[in-house]
$ cat protein.pdb   # PDB, C-alpha atoms and all ligand atoms
MODEL        1
ATOM      1  CA  MET A   1     -13.665   5.038   3.013  1.00  0.00           C
ATOM      2  CA  LYS A   2     -12.382   2.123   0.930  1.00  0.00           C
ATOM      3  CA  TYR A   3      -9.050   2.282  -0.854  1.00  0.00           C
ATOM      4  CA  PHE A   4      -7.892   0.874  -4.161  1.00  0.00           C
ATOM      5  CA  ILE A   5      -4.128   1.249  -4.449  1.00  0.00           C
ATOM      6  CA  ALA A   6      -2.300   0.410  -7.662  1.00  0.00           C
ATOM      7  CA  ASN A   7       1.404  -0.257  -7.072  1.00  0.00           C
ATOM      8  CA  TRP A   8       3.128  -0.303 -10.457  1.00  0.00           C
ATOM      9  CA  LYS A   9       6.480  -1.207  -8.899  1.00  0.00           C
ATOM     10  CA  MET A  10       9.224  -1.168 -11.586  1.00  0.00           C
ATOM     11  CA  TYR A  11       6.927  -2.806 -14.120  1.00  0.00           C
ATOM     12  CA  VAL A  12       6.164  -0.019 -16.589  1.00  0.00           C
ATOM     13  CA  GLY A  13       7.877   2.591 -18.728  1.00  0.00           C
ATOM     14  CA  ARG A  14       6.664   6.159 -19.082  1.00  0.00           C
ATOM     15  CA  ALA A  15       4.215   5.593 -21.952  1.00  0.00           C
ATOM     16  CA  ASP A  16       2.556   2.671 -20.169  1.00  0.00           C
ATOM     17  CA  ALA A  17       2.416   4.558 -16.870  1.00  0.00           C
ATOM     18  CA  VAL A  18       0.579   7.393 -18.628  1.00  0.00           C
ATOM     19  CA  MET A  19      -1.764   4.930 -20.323  1.00  0.00           C
ATOM     20  CA  LEU A  20      -2.582   3.196 -17.023  1.00  0.00           C
ATOM     21  CA  ALA A  21      -3.175   6.591 -15.416  1.00  0.00           C
ATOM     22  CA  GLU A  22      -5.600   7.484 -18.202  1.00  0.00           C
ATOM     23  CA  ILE A  23      -7.510   4.262 -17.547  1.00  0.00           C
ATOM     24  CA  ALA A  24      -7.656   5.056 -13.815  1.00  0.00           C
ATOM     25  CA  ARG A  25      -8.747   8.614 -14.482  1.00  0.00           C
ATOM     26  CA  ALA A  26     -11.601   7.479 -16.747  1.00  0.00           C
ATOM     27  CA  ALA A  27     -12.949   4.858 -14.318  1.00  0.00           C
ATOM     28  CA  LYS A  28     -16.180   5.525 -12.483  1.00  0.00           C
ATOM     29  CA  THR A  29     -15.897   4.704  -8.824  1.00  0.00           C
ATOM     30  CA  ALA A  30     -18.636   4.522  -6.227  1.00  0.00           C
ATOM     31  CA  GLU A  31     -18.842   7.141  -3.521  1.00  0.00           C
ATOM     32  CA  GLY A  32     -16.494   6.472  -0.623  1.00  0.00           C
ATOM     33  CA  VAL A  33     -13.873   4.800  -2.799  1.00  0.00           C
ATOM     34  CA  GLN A  34     -10.413   6.371  -3.106  1.00  0.00           C
ATOM     35  CA  THR A  35      -8.148   5.296  -5.955  1.00  0.00           C
ATOM     36  CA  ILE A  36      -4.424   5.872  -5.421  1.00  0.00           C
ATOM     37  CA  VAL A  37      -1.867   5.203  -8.151  1.00  0.00           C
ATOM     38  CA  CYS A  38       1.775   4.627  -7.246  1.00  0.00           C
ATOM     39  CA  PRO A  39       4.128   4.970 -10.223  1.00  0.00           C
ATOM     40  CA  SER A  40       7.890   4.766  -9.886  1.00  0.00           C
ATOM     41  CA  PHE A  41       9.512   8.070  -8.886  1.00  0.00           C
ATOM     42  CA  VAL A  42      10.517   8.964 -12.424  1.00  0.00           C
ATOM     43  CA  HIS A  43       6.961   8.740 -13.757  1.00  0.00           C
ATOM     44  CA  ILE A  44       5.238  10.615 -10.948  1.00  0.00           C
ATOM     45  CA  ASP A  45       5.215  13.947 -12.764  1.00  0.00           C
ATOM     46  CA  ALA A  46       3.807  12.499 -16.000  1.00  0.00           C
ATOM     47  CA  VAL A  47       1.162  10.466 -14.173  1.00  0.00           C
ATOM     48  CA  GLY A  48       0.361  13.477 -11.990  1.00  0.00           C
ATOM     49  CA  ARG A  49      -0.475  15.535 -15.070  1.00  0.00           C
ATOM     50  CA  VAL A  50      -2.924  12.849 -16.221  1.00  0.00           C
ATOM     51  CA  VAL A  51      -4.785  12.446 -12.931  1.00  0.00           C
ATOM     52  CA  SER A  52      -4.685  16.112 -11.943  1.00  0.00           C
ATOM     53  CA  GLY A  53      -8.186  17.455 -11.336  1.00  0.00           C
ATOM     54  CA  SER A  54      -9.688  13.937 -11.140  1.00  0.00           C
ATOM     55  CA  ALA A  55     -10.695  11.813  -8.171  1.00  0.00           C
ATOM     56  CA  VAL A  56      -7.535   9.714  -8.527  1.00  0.00           C
ATOM     57  CA  VAL A  57      -4.687  10.686  -6.236  1.00  0.00           C
ATOM     58  CA  LEU A  58      -0.949  10.117  -6.432  1.00  0.00           C
ATOM     59  CA  GLY A  59       1.072   7.826  -4.212  1.00  0.00           C
ATOM     60  CA  ALA A  60       4.804   7.127  -4.091  1.00  0.00           C
ATOM     61  CA  GLN A  61       6.298   3.674  -3.563  1.00  0.00           C
ATOM     62  CA  ASP A  62       8.762   4.853  -0.922  1.00  0.00           C
ATOM     63  CA  ALA A  63      10.368   7.968   0.545  1.00  0.00           C
ATOM     64  CA  TYR A  64      13.467   8.617   2.589  1.00  0.00           C
ATOM     65  CA  PHE A  65      13.096   9.816   6.172  1.00  0.00           C
ATOM     66  CA  GLU A  66      15.665  12.627   6.061  1.00  0.00           C
ATOM     67  CA  SER A  67      14.311  15.925   4.825  1.00  0.00           C
ATOM     68  CA  SER A  68      17.301  16.970   2.713  1.00  0.00           C
ATOM     69  CA  GLY A  69      21.059  16.565   2.437  1.00  0.00           C
ATOM     70  CA  ALA A  70      23.791  14.414   0.946  1.00  0.00           C
ATOM     71  CA  PHE A  71      21.769  11.225   0.400  1.00  0.00           C
ATOM     72  CA  THR A  72      22.525  10.291  -3.196  1.00  0.00           C
ATOM     73  CA  SER A  73      19.535   8.737  -5.013  1.00  0.00           C
ATOM     74  CA  ALA A  74      17.153   9.171  -2.080  1.00  0.00           C
ATOM     75  CA  VAL A  75      13.834  10.960  -2.546  1.00  0.00           C
ATOM     76  CA  GLY A  76      12.355  12.963   0.297  1.00  0.00           C
ATOM     77  CA  ILE A  77       8.836  13.775   1.413  1.00  0.00           C
ATOM     78  CA  LYS A  78       9.085  17.449   0.427  1.00  0.00           C
ATOM     79  CA  GLU A  79      10.090  16.571  -3.126  1.00  0.00           C
ATOM     80  CA  LEU A  80       7.141  14.213  -3.420  1.00  0.00           C
ATOM     81  CA  LYS A  81       4.739  16.822  -2.105  1.00  0.00           C
ATOM     82  CA  GLU A  82       5.974  19.241  -4.743  1.00  0.00           C
ATOM     83  CA  LEU A  83       4.823  16.731  -7.377  1.00  0.00           C
ATOM     84  CA  GLY A  84       1.350  16.516  -5.853  1.00  0.00           C
ATOM     85  CA  VAL A  85       1.841  13.202  -4.044  1.00  0.00           C
ATOM     86  CA  SER A  86      -0.512  12.663  -1.088  1.00  0.00           C
ATOM     87  CA  HIS A  87       0.215   9.050  -0.049  1.00  0.00           C
ATOM     88  CA  VAL A  88       3.380   7.016   0.323  1.00  0.00           C
ATOM     89  CA  LEU A  89       3.919   3.273   0.706  1.00  0.00           C
ATOM     90  CA  VAL A  90       6.244   2.566   3.609  1.00  0.00           C
ATOM     91  CA  GLY A  91       7.929  -0.736   4.398  1.00  0.00           C
ATOM     92  CA  HIS A  92       6.804  -2.691   1.356  1.00  0.00           C
ATOM     93  CA  SER A  93       8.157  -6.230   1.666  1.00  0.00           C
ATOM     94  CA  GLU A  94      10.288  -5.739  -1.459  1.00  0.00           C
ATOM     95  CA  ARG A  95      11.922  -2.730   0.200  1.00  0.00           C
ATOM     96  CA  ARG A  96      12.541  -4.817   3.301  1.00  0.00           C
ATOM     97  CA  ARG A  97      13.832  -7.817   1.365  1.00  0.00           C
ATOM     98  CA  TYR A  98      15.953  -6.282  -1.385  1.00  0.00           C
ATOM     99  CA  PHE A  99      16.958  -2.985   0.192  1.00  0.00           C
ATOM    100  CA  GLY A 100      17.428  -4.021   3.809  1.00  0.00           C
ATOM    101  CA  GLU A 101      14.679  -1.849   5.242  1.00  0.00           C
ATOM    102  CA  THR A 102      14.194  -2.583   8.940  1.00  0.00           C
ATOM    103  CA  ASP A 103      11.199  -2.061  11.229  1.00  0.00           C
ATOM    104  CA  GLU A 104      13.130   0.841  12.776  1.00  0.00           C
ATOM    105  CA  ALA A 105      13.653   2.525   9.394  1.00  0.00           C
ATOM    106  CA  VAL A 106       9.946   2.065   8.717  1.00  0.00           C
ATOM    107  CA  ASN A 107       9.190   3.855  11.976  1.00  0.00           C
ATOM    108  CA  LYS A 108      11.407   6.798  10.942  1.00  0.00           C
ATOM    109  CA  LYS A 109       9.705   6.952   7.558  1.00  0.00           C
ATOM    110  CA  VAL A 110       6.247   6.875   9.129  1.00  0.00           C
ATOM    111  CA  LYS A 111       7.191   9.776  11.379  1.00  0.00           C
ATOM    112  CA  ALA A 112       8.733  11.718   8.493  1.00  0.00           C
ATOM    113  CA  ALA A 113       5.685  11.173   6.289  1.00  0.00           C
ATOM    114  CA  TYR A 114       3.255  12.447   8.913  1.00  0.00           C
ATOM    115  CA  ALA A 115       5.536  15.354   9.792  1.00  0.00           C
ATOM    116  CA  GLY A 116       5.766  16.304   6.128  1.00  0.00           C
ATOM    117  CA  GLY A 117       2.048  16.016   5.462  1.00  0.00           C
ATOM    118  CA  LEU A 118       1.928  12.744   3.509  1.00  0.00           C
ATOM    119  CA  GLN A 119      -0.328   9.866   4.483  1.00  0.00           C
ATOM    120  CA  PRO A 120       1.817   6.740   4.922  1.00  0.00           C
ATOM    121  CA  VAL A 121       0.432   3.354   3.907  1.00  0.00           C
ATOM    122  CA  VAL A 122       2.437   0.992   6.079  1.00  0.00           C
ATOM    123  CA  CYS A 123       2.974  -2.480   4.634  1.00  0.00           C
ATOM    124  CA  VAL A 124       3.301  -5.461   6.951  1.00  0.00           C
ATOM    125  CA  GLY A 125       3.182  -9.217   6.493  1.00  0.00           C
ATOM    126  CA  GLU A 126       4.787 -12.518   7.373  1.00  0.00           C
ATOM    127  CA  THR A 127       7.002 -14.810   5.287  1.00  0.00           C
ATOM    128  CA  GLU A 128       5.973 -18.317   4.286  1.00  0.00           C
ATOM    129  CA  GLN A 129       8.367 -19.705   6.883  1.00  0.00           C
ATOM    130  CA  GLU A 130       6.891 -17.543   9.658  1.00  0.00           C
ATOM    131  CA  ARG A 131       3.407 -18.559   8.624  1.00  0.00           C
ATOM    132  CA  THR A 132       4.256 -22.258   8.714  1.00  0.00           C
ATOM    133  CA  ALA A 133       5.854 -21.807  12.132  1.00  0.00           C
ATOM    134  CA  GLY A 134       2.644 -20.220  13.451  1.00  0.00           C
ATOM    135  CA  GLN A 135       4.317 -16.816  13.823  1.00  0.00           C
ATOM    136  CA  THR A 136       1.994 -14.706  11.677  1.00  0.00           C
ATOM    137  CA  GLU A 137       0.430 -12.906  14.615  1.00  0.00           C
ATOM    138  CA  SER A 138       3.663 -12.221  16.462  1.00  0.00           C
ATOM    139  CA  ARG A 139       5.491 -11.001  13.340  1.00  0.00           C
ATOM    140  CA  VAL A 140       2.687  -8.730  12.183  1.00  0.00           C
ATOM    141  CA  SER A 141       2.154  -7.391  15.723  1.00  0.00           C
ATOM    142  CA  ALA A 142       5.838  -6.544  16.038  1.00  0.00           C
ATOM    143  CA  GLN A 143       5.859  -4.786  12.670  1.00  0.00           C
ATOM    144  CA  VAL A 144       2.800  -2.707  13.524  1.00  0.00           C
ATOM    145  CA  ARG A 145       3.968  -1.821  17.022  1.00  0.00           C
ATOM    146  CA  THR A 146       7.411  -0.735  15.859  1.00  0.00           C
ATOM    147  CA  ALA A 147       6.113   1.165  12.825  1.00  0.00           C
ATOM    148  CA  PHE A 148       3.880   3.326  15.019  1.00  0.00           C
ATOM    149  CA  GLN A 149       6.130   3.676  18.043  1.00  0.00           C
ATOM    150  CA  GLY A 150       5.953   7.266  19.253  1.00  0.00           C
ATOM    151  CA  VAL A 151       3.387   8.161  16.613  1.00  0.00           C
ATOM    152  CA  SER A 152       0.162   9.835  17.629  1.00  0.00           C
ATOM    153  CA  VAL A 153      -2.048  10.666  14.670  1.00  0.00           C
ATOM    154  CA  LYS A 154      -5.688  10.615  13.662  1.00  0.00           C
ATOM    155  CA  LYS A 155      -5.549   8.387  10.631  1.00  0.00           C
ATOM    156  CA  VAL A 156      -3.602   5.190  10.086  1.00  0.00           C
ATOM    157  CA  ILE A 157      -3.581   3.142   6.875  1.00  0.00           C
ATOM    158  CA  ILE A 158      -1.944  -0.279   6.917  1.00  0.00           C
ATOM    159  CA  ALA A 159      -1.664  -2.818   4.114  1.00  0.00           C
ATOM    160  CA  TYR A 160      -1.518  -6.425   5.235  1.00  0.00           C
ATOM    161  CA  GLU A 161       0.497  -8.192   2.558  1.00  0.00           C
ATOM    162  CA  PRO A 162       1.544 -11.744   3.394  1.00  0.00           C
ATOM    163  CA  ILE A 163       4.897 -12.092   1.639  1.00  0.00           C
ATOM    164  CA  TRP A 164       4.114 -15.577   0.384  1.00  0.00           C
ATOM    165  CA  ALA A 165       1.112 -14.125  -1.454  1.00  0.00           C
ATOM    166  CA  ILE A 166       2.894 -11.260  -3.217  1.00  0.00           C
ATOM    167  CA  GLY A 167       3.374 -11.894  -6.917  1.00  0.00           C
ATOM    168  CA  THR A 168       2.870 -15.643  -6.489  1.00  0.00           C
ATOM    169  CA  GLY A 169      -0.706 -16.057  -7.664  1.00  0.00           C
ATOM    170  CA  LYS A 170      -1.403 -17.613  -4.250  1.00  0.00           C
ATOM    171  CA  ALA A 171      -3.646 -15.100  -2.479  1.00  0.00           C
ATOM    172  CA  SER A 172      -4.654 -15.476   1.146  1.00  0.00           C
ATOM    173  CA  SER A 173      -8.219 -16.539   1.840  1.00  0.00           C
ATOM    174  CA  SER A 174     -10.403 -13.587   2.779  1.00  0.00           C
ATOM    175  CA  ALA A 175     -11.157 -15.282   6.120  1.00  0.00           C
ATOM    176  CA  ASP A 176      -7.477 -15.638   7.039  1.00  0.00           C
ATOM    177  CA  ALA A 177      -6.789 -12.068   5.954  1.00  0.00           C
ATOM    178  CA  ARG A 178      -9.745 -10.829   7.971  1.00  0.00           C
ATOM    179  CA  ALA A 179      -8.412 -12.416  11.151  1.00  0.00           C
ATOM    180  CA  VAL A 180      -5.083 -10.597  10.714  1.00  0.00           C
ATOM    181  CA  HIS A 181      -6.880  -7.336   9.903  1.00  0.00           C
ATOM    182  CA  GLN A 182      -8.816  -7.629  13.150  1.00  0.00           C
ATOM    183  CA  LEU A 183      -5.582  -8.180  15.048  1.00  0.00           C
ATOM    184  CA  ILE A 184      -3.981  -5.123  13.416  1.00  0.00           C
ATOM    185  CA  LYS A 185      -6.990  -2.953  14.226  1.00  0.00           C
ATOM    186  CA  GLN A 186      -6.893  -4.117  17.823  1.00  0.00           C
ATOM    187  CA  ILE A 187      -3.202  -3.250  18.156  1.00  0.00           C
ATOM    188  CA  VAL A 188      -3.663   0.198  16.649  1.00  0.00           C
ATOM    189  CA  LYS A 189      -6.618   0.814  18.957  1.00  0.00           C
ATOM    190  CA  GLU A 190      -4.597  -0.148  22.020  1.00  0.00           C
ATOM    191  CA  THR A 191      -1.364   1.594  21.126  1.00  0.00           C
ATOM    192  CA  ASN A 192      -2.387   4.526  19.029  1.00  0.00           C
ATOM    193  CA  GLY A 193      -6.126   4.982  19.378  1.00  0.00           C
ATOM    194  CA  SER A 194      -6.428   6.129  15.773  1.00  0.00           C
ATOM    195  CA  GLN A 195      -8.927   5.584  13.051  1.00  0.00           C
ATOM    196  CA  CYS A 196      -7.415   2.625  11.226  1.00  0.00           C
ATOM    197  CA  SER A 197      -8.002   1.255   7.730  1.00  0.00           C
ATOM    198  CA  VAL A 198      -6.433  -2.074   6.810  1.00  0.00           C
ATOM    199  CA  LEU A 199      -6.034  -3.066   3.159  1.00  0.00           C
ATOM    200  CA  TYR A 200      -5.229  -6.513   1.804  1.00  0.00           C
ATOM    201  CA  GLY A 201      -2.451  -7.053  -0.743  1.00  0.00           C
ATOM    202  CA  GLY A 202      -0.968 -10.145  -2.381  1.00  0.00           C
ATOM    203  CA  SER A 203      -2.064 -11.628  -5.723  1.00  0.00           C
ATOM    204  CA  VAL A 204      -5.295  -9.652  -5.952  1.00  0.00           C
ATOM    205  CA  THR A 205      -6.790 -10.184  -9.422  1.00  0.00           C
ATOM    206  CA  PRO A 206     -10.090  -9.403 -11.134  1.00  0.00           C
ATOM    207  CA  ASP A 207     -11.160 -12.933 -10.137  1.00  0.00           C
ATOM    208  CA  ASN A 208     -10.673 -12.628  -6.376  1.00  0.00           C
ATOM    209  CA  MET A 209     -10.987  -8.859  -5.879  1.00  0.00           C
ATOM    210  CA  HIS A 210     -14.719  -9.025  -5.253  1.00  0.00           C
ATOM    211  CA  GLU A 211     -14.242 -11.357  -2.309  1.00  0.00           C
ATOM    212  CA  PHE A 212     -11.680  -9.144  -0.563  1.00  0.00           C
ATOM    213  CA  TRP A 213     -13.544  -5.962  -1.392  1.00  0.00           C
ATOM    214  CA  ASN A 214     -16.711  -7.231   0.235  1.00  0.00           C
ATOM    215  CA  THR A 215     -15.266  -8.728   3.397  1.00  0.00           C
ATOM    216  CA  THR A 216     -15.822  -6.877   6.662  1.00  0.00           C
ATOM    217  CA  ASP A 217     -12.603  -5.481   8.175  1.00  0.00           C
ATOM    218  CA  ILE A 218     -10.935  -5.403   4.749  1.00  0.00           C
ATOM    219  CA  ASP A 219     -10.962  -1.717   3.889  1.00  0.00           C
ATOM    220  CA  GLY A 220      -9.589  -2.018   0.392  1.00  0.00           C
ATOM    221  CA  VAL A 221      -6.820  -3.603  -1.638  1.00  0.00           C
ATOM    222  CA  LEU A 222      -3.241  -2.908  -2.665  1.00  0.00           C
ATOM    223  CA  VAL A 223      -2.646  -4.439  -6.083  1.00  0.00           C
ATOM    224  CA  GLY A 224       0.701  -4.926  -7.798  1.00  0.00           C
ATOM    225  CA  GLY A 225       0.993  -7.016 -10.972  1.00  0.00           C
ATOM    226  CA  ALA A 226      -2.678  -6.961 -11.960  1.00  0.00           C
ATOM    227  CA  SER A 227      -2.784  -3.161 -11.671  1.00  0.00           C
ATOM    228  CA  ALA A 228       0.131  -2.740 -14.064  1.00  0.00           C
ATOM    229  CA  ARG A 229      -1.535  -4.313 -17.114  1.00  0.00           C
ATOM    230  CA  LYS A 230      -4.261  -2.451 -18.921  1.00  0.00           C
ATOM    231  CA  GLU A 231      -6.782  -5.298 -19.267  1.00  0.00           C
ATOM    232  CA  THR A 232      -6.621  -6.390 -15.653  1.00  0.00           C
ATOM    233  CA  LEU A 233      -6.496  -2.814 -14.343  1.00  0.00           C
ATOM    234  CA  SER A 234      -9.668  -2.031 -16.303  1.00  0.00           C
ATOM    235  CA  SER A 235     -11.405  -5.112 -14.907  1.00  0.00           C
ATOM    236  CA  LEU A 236     -10.355  -4.259 -11.344  1.00  0.00           C
ATOM    237  CA  LEU A 237     -11.523  -0.666 -11.684  1.00  0.00           C
ATOM    238  CA  ALA A 238     -14.853  -1.799 -13.128  1.00  0.00           C
ATOM    239  CA  LEU A 239     -15.505  -3.554  -9.817  1.00  0.00           C
ATOM    240  CA  LEU A 240     -15.189  -0.249  -7.966  1.00  0.00           C
ATOM    241  CA  SER A 241     -18.194   1.334  -9.617  1.00  0.00           C
ATOM    242  CA  PHE A 242     -20.742  -0.318  -7.344  1.00  0.00           C
TER     243      PHE A 242
HETATM  244  P1  LIG B 301       0.915  -8.415  -6.308  1.00  0.00           P
HETATM  245  O1  LIG B 301       1.723  -7.359  -5.414  1.00  0.00           O
HETATM  246  O2  LIG B 301      -0.499  -7.876  -6.463  1.00  0.00           O
HETATM  247  O3  LIG B 301       1.646  -8.445  -7.603  1.00  0.00           O
HETATM  248  O4  LIG B 301       0.939  -9.716  -5.573  1.00  0.00           O
HETATM  249  C1  LIG B 301       1.122  -6.698  -4.345  1.00  0.00           C
HETATM  250  C2  LIG B 301       2.109  -5.745  -3.742  1.00  0.00           C
HETATM  251  O5  LIG B 301       3.279  -6.094  -3.632  1.00  0.00           O
HETATM  252  O6  LIG B 301       1.780  -4.612  -3.411  1.00  0.00           O
ENDMDL
END

$ encode --input "protein.pdb" --output "structure tokens" --more "lines below"
Ligand code: PGA
Amino acid sequence: MKYFIANWKMYVGRADAVMLAEIARAAKTAEGVQTIVCPSFVHIDAVGRVVSGSAVVLGAQDAYFESSGAFTSAVGIKELKELGVSHVLVGHSERRRYFGETDEAVNKKVKAAYAGGLQPVVCVGETEQERTAGQTESRVSAQVRTAFQGVSVKKVIIAYEPIWAIGTGKASSSADARAVHQLIKQIVKETNGSQCSVLYGGSVTPDNMHEFWNTTDIDGVLVGGASARKETLSSLLALLSF
């Protein structure tokens, strides 16, 4: 299975979210390709109505690890499931950077997602500074190990998103990404023994998508900015039909 995940972040209003969902719904994708759209929480219901009954499934951009209670503004797994959500991004670098999410919180969210019946897509990746210091492998290893500590499941999905590549127009090379994907798969095999898909994210565009999509060990892409504009989303989806 290959995954195409559209992360619309906080980019679009309701009308645009619905329009993007209609584009995703209409796209023809090859067999073995799963398209997942991740609107902001407030658009999930509207987008869900558009993709309902199609091959496109709903993802959320985050979820809180507690199941219910006095946690003002938090959104839990059960609430997302009620809206038809099947996947949830966990530990996106913007959550880590702007909202103080730690590796330990990511671990709690991973456990909560599996316990509640959602498939987590765990995001990991190094900063520019860590990359320059030759710490990519150690940082990514630590993130993966902590995220899956105490987790024993059949299916793991991880998105490798080097932070320096997110929203910068400076994507990783497919060869560099592949090396990190191989490392991640090795760690999951050793620690968790699960079936593991690793997606690449960070400045994926219609121009470079083909390269990532066709590289061994890259099991799909997680796209932000280019998935939130109708022209580029259409071009990206067109590449999924063969
Ligand atoms: P980008 O974002 O495609 O805009 O670089 C990717 C992501 O953050 O998921």

$ closest_residue --input "protein.pdb" --among "A:Val18, A:Ala175, A:Cys123, A:Ile218" --to "ligand LIG 301 (chain B)" --atoms "all atoms listed in the file"
A:Cys123

$ residues_near_ligand --input "protein.pdb" --ligand "ligand LIG 301 (chain B)" --cutoff "8 Å" --atoms "all atoms listed in the file" --output "MDAnalysis selection string"
chainID A and resid 6:7 9 92:94 161 165:169 171 201:205 222:227

$ residues_around --input "protein.pdb" --residues "Gly220 of chain A" --least-positions-apart "2" --cutoff "9 Å" --atoms "all atoms listed in the file" --output "JSON, numbers by chain"
{"A": [1, 2, 3, 4, 5, 33, 159, 197, 198, 199, 200, 201, 212, 213, 214, 218, 222]}

$ atom_distance --input "protein.pdb" --atom1 "atom CA of Ser235 of chain A" --atom2 "atom CA of Asn208 of chain A"
11.4 Å

$ residues_around --input "protein.pdb" --residues "segment 127-136 of chain A" --least-positions-apart "4" --cutoff "8 Å" --atoms "all atoms listed in the file" --output "short mmCIF file (atom, residue, chain, number, x, y, z; two decimals) with C-alpha atoms, in the frame of the given file"
data_model
loop_
_atom_site.label_atom_id
_atom_site.label_comp_id
_atom_site.auth_asym_id
_atom_site.auth_seq_id
_atom_site.Cartn_x
_atom_site.Cartn_y
_atom_site.Cartn_z
CA VAL A 140 2.69 -8.73 12.18
CA PRO A 162 1.54 -11.74 3.39
CA ILE A 163 4.90 -12.09 1.64
CA TRP A 164 4.11 -15.58 0.38
#

$ resolve_selection --input "protein.pdb" --expression "the PyMOL selection byres (((chain A and resi 156) around 7) and not hetatm)" --output "short mmCIF file (atom, residue, chain, number, x, y, z; two decimals) with C-alpha atoms, keeping the file's coordinate frame"
data_model
loop_
_atom_site.label_atom_id
_atom_site.label_comp_id
_atom_site.auth_asym_id
_atom_site.auth_seq_id
_atom_site.Cartn_x
_atom_site.Cartn_y
_atom_site.Cartn_z
CA LYS A 154 -5.69 10.62 13.66
CA LYS A 155 -5.55 8.39 10.63
CA ILE A 157 -3.58 3.14 6.88
CA ILE A 158 -1.94 -0.28 6.92
CA SER A 194 -6.43 6.13 15.77
CA GLN A 195 -8.93 5.58 13.05
CA CYS A 196 -7.42 2.62 11.23
CA SER A 197 -8.00 1.25 7.73
#

$ resolve_selection --input "protein.pdb" --expression "the PyMOL selection byres (((chain A and resi 102-116) around 6) and not hetatm)" --output "PyMOL selection string"
chain A and resi 65+91+101+117-118+147

$ closest_residue --input "protein.pdb" --among "A:Tyr64, A:Phe148, A:Tyr160, A:Tyr98" --to "Gly76 of chain A" --atoms "all atoms listed in the file"
A:Tyr64

$ atom_distance --input "protein.pdb" --atom1 "atom CA of Val151 of chain A" --atom2 "atom CA of Val90 of chain A"
14.4 Å

$ resolve_selection --input "protein.pdb" --expression "the PyMOL selection byres (((chain A and resi 217) around 7) and not hetatm)" --output "ChimeraX atom specification"
/A:178,181-182,215-216,218-219

$ atom_distance --input "protein.pdb" --atom1 "atom CA of Tyr11 of chain A" --atom2 "atom CA of Thr35 of chain A"
19.0 Å

$ residues_around --input "protein.pdb" --residues "Ala17 of chain A" --least-positions-apart "4" --cutoff "8 Å" --atoms "all atoms listed in the file" --output "ChimeraX atom specification"
/A:12-13,21,39,43,47

$ closest_residue --input "protein.pdb" --among "A:Leu236, A:Val85, A:Val42, A:Val122" --to "Ala60 of chain A" --atoms "only C-alpha atoms"
A:Val85

$ closest_residue --input "protein.pdb" --among "A:Phe41, A:Ala55, A:Trp8, A:Leu237" --to "Ala74 of chain A" --atoms "only C-alpha atoms"
A:Phe41

$ closest_residue --input "protein.pdb" --among "A:Met10, A:Val56, A:Ala63, A:Val188" --to "Ser40 of chain A" --atoms "only C-alpha atoms"
A:Met10

$ closest_residue --input "protein.pdb" --among "A:Val144, A:Ala228, A:Met209, A:Leu89" --to "Pro120 of chain A" --atoms "all atoms listed in the file"
A:Leu89

$ residues_around --input "protein.pdb" --residues "Leu239 of chain A" --least-positions-apart "4" --cutoff "10 Å" --atoms "only C-alpha atoms" --output "JSON, numbers by chain"
{"A": [27, 28, 29, 30, 206, 209, 210, 213, 234, 235]}

$ write_last_selection --input "protein.pdb" --atoms "C-alpha atoms" --output "CSV table (one decimal), in the coordinates of the input"
chain,number,residue,atom,x,y,z
A,27,ALA,CA,-12.9,4.9,-14.3
A,28,LYS,CA,-16.2,5.5,-12.5
A,29,THR,CA,-15.9,4.7,-8.8
A,30,ALA,CA,-18.6,4.5,-6.2
A,206,PRO,CA,-10.1,-9.4,-11.1
A,209,MET,CA,-11.0,-8.9,-5.9
A,210,HIS,CA,-14.7,-9.0,-5.3
A,213,TRP,CA,-13.5,-6.0,-1.4
A,234,SER,CA,-9.7,-2.0,-16.3
A,235,SER,CA,-11.4,-5.1,-14.9
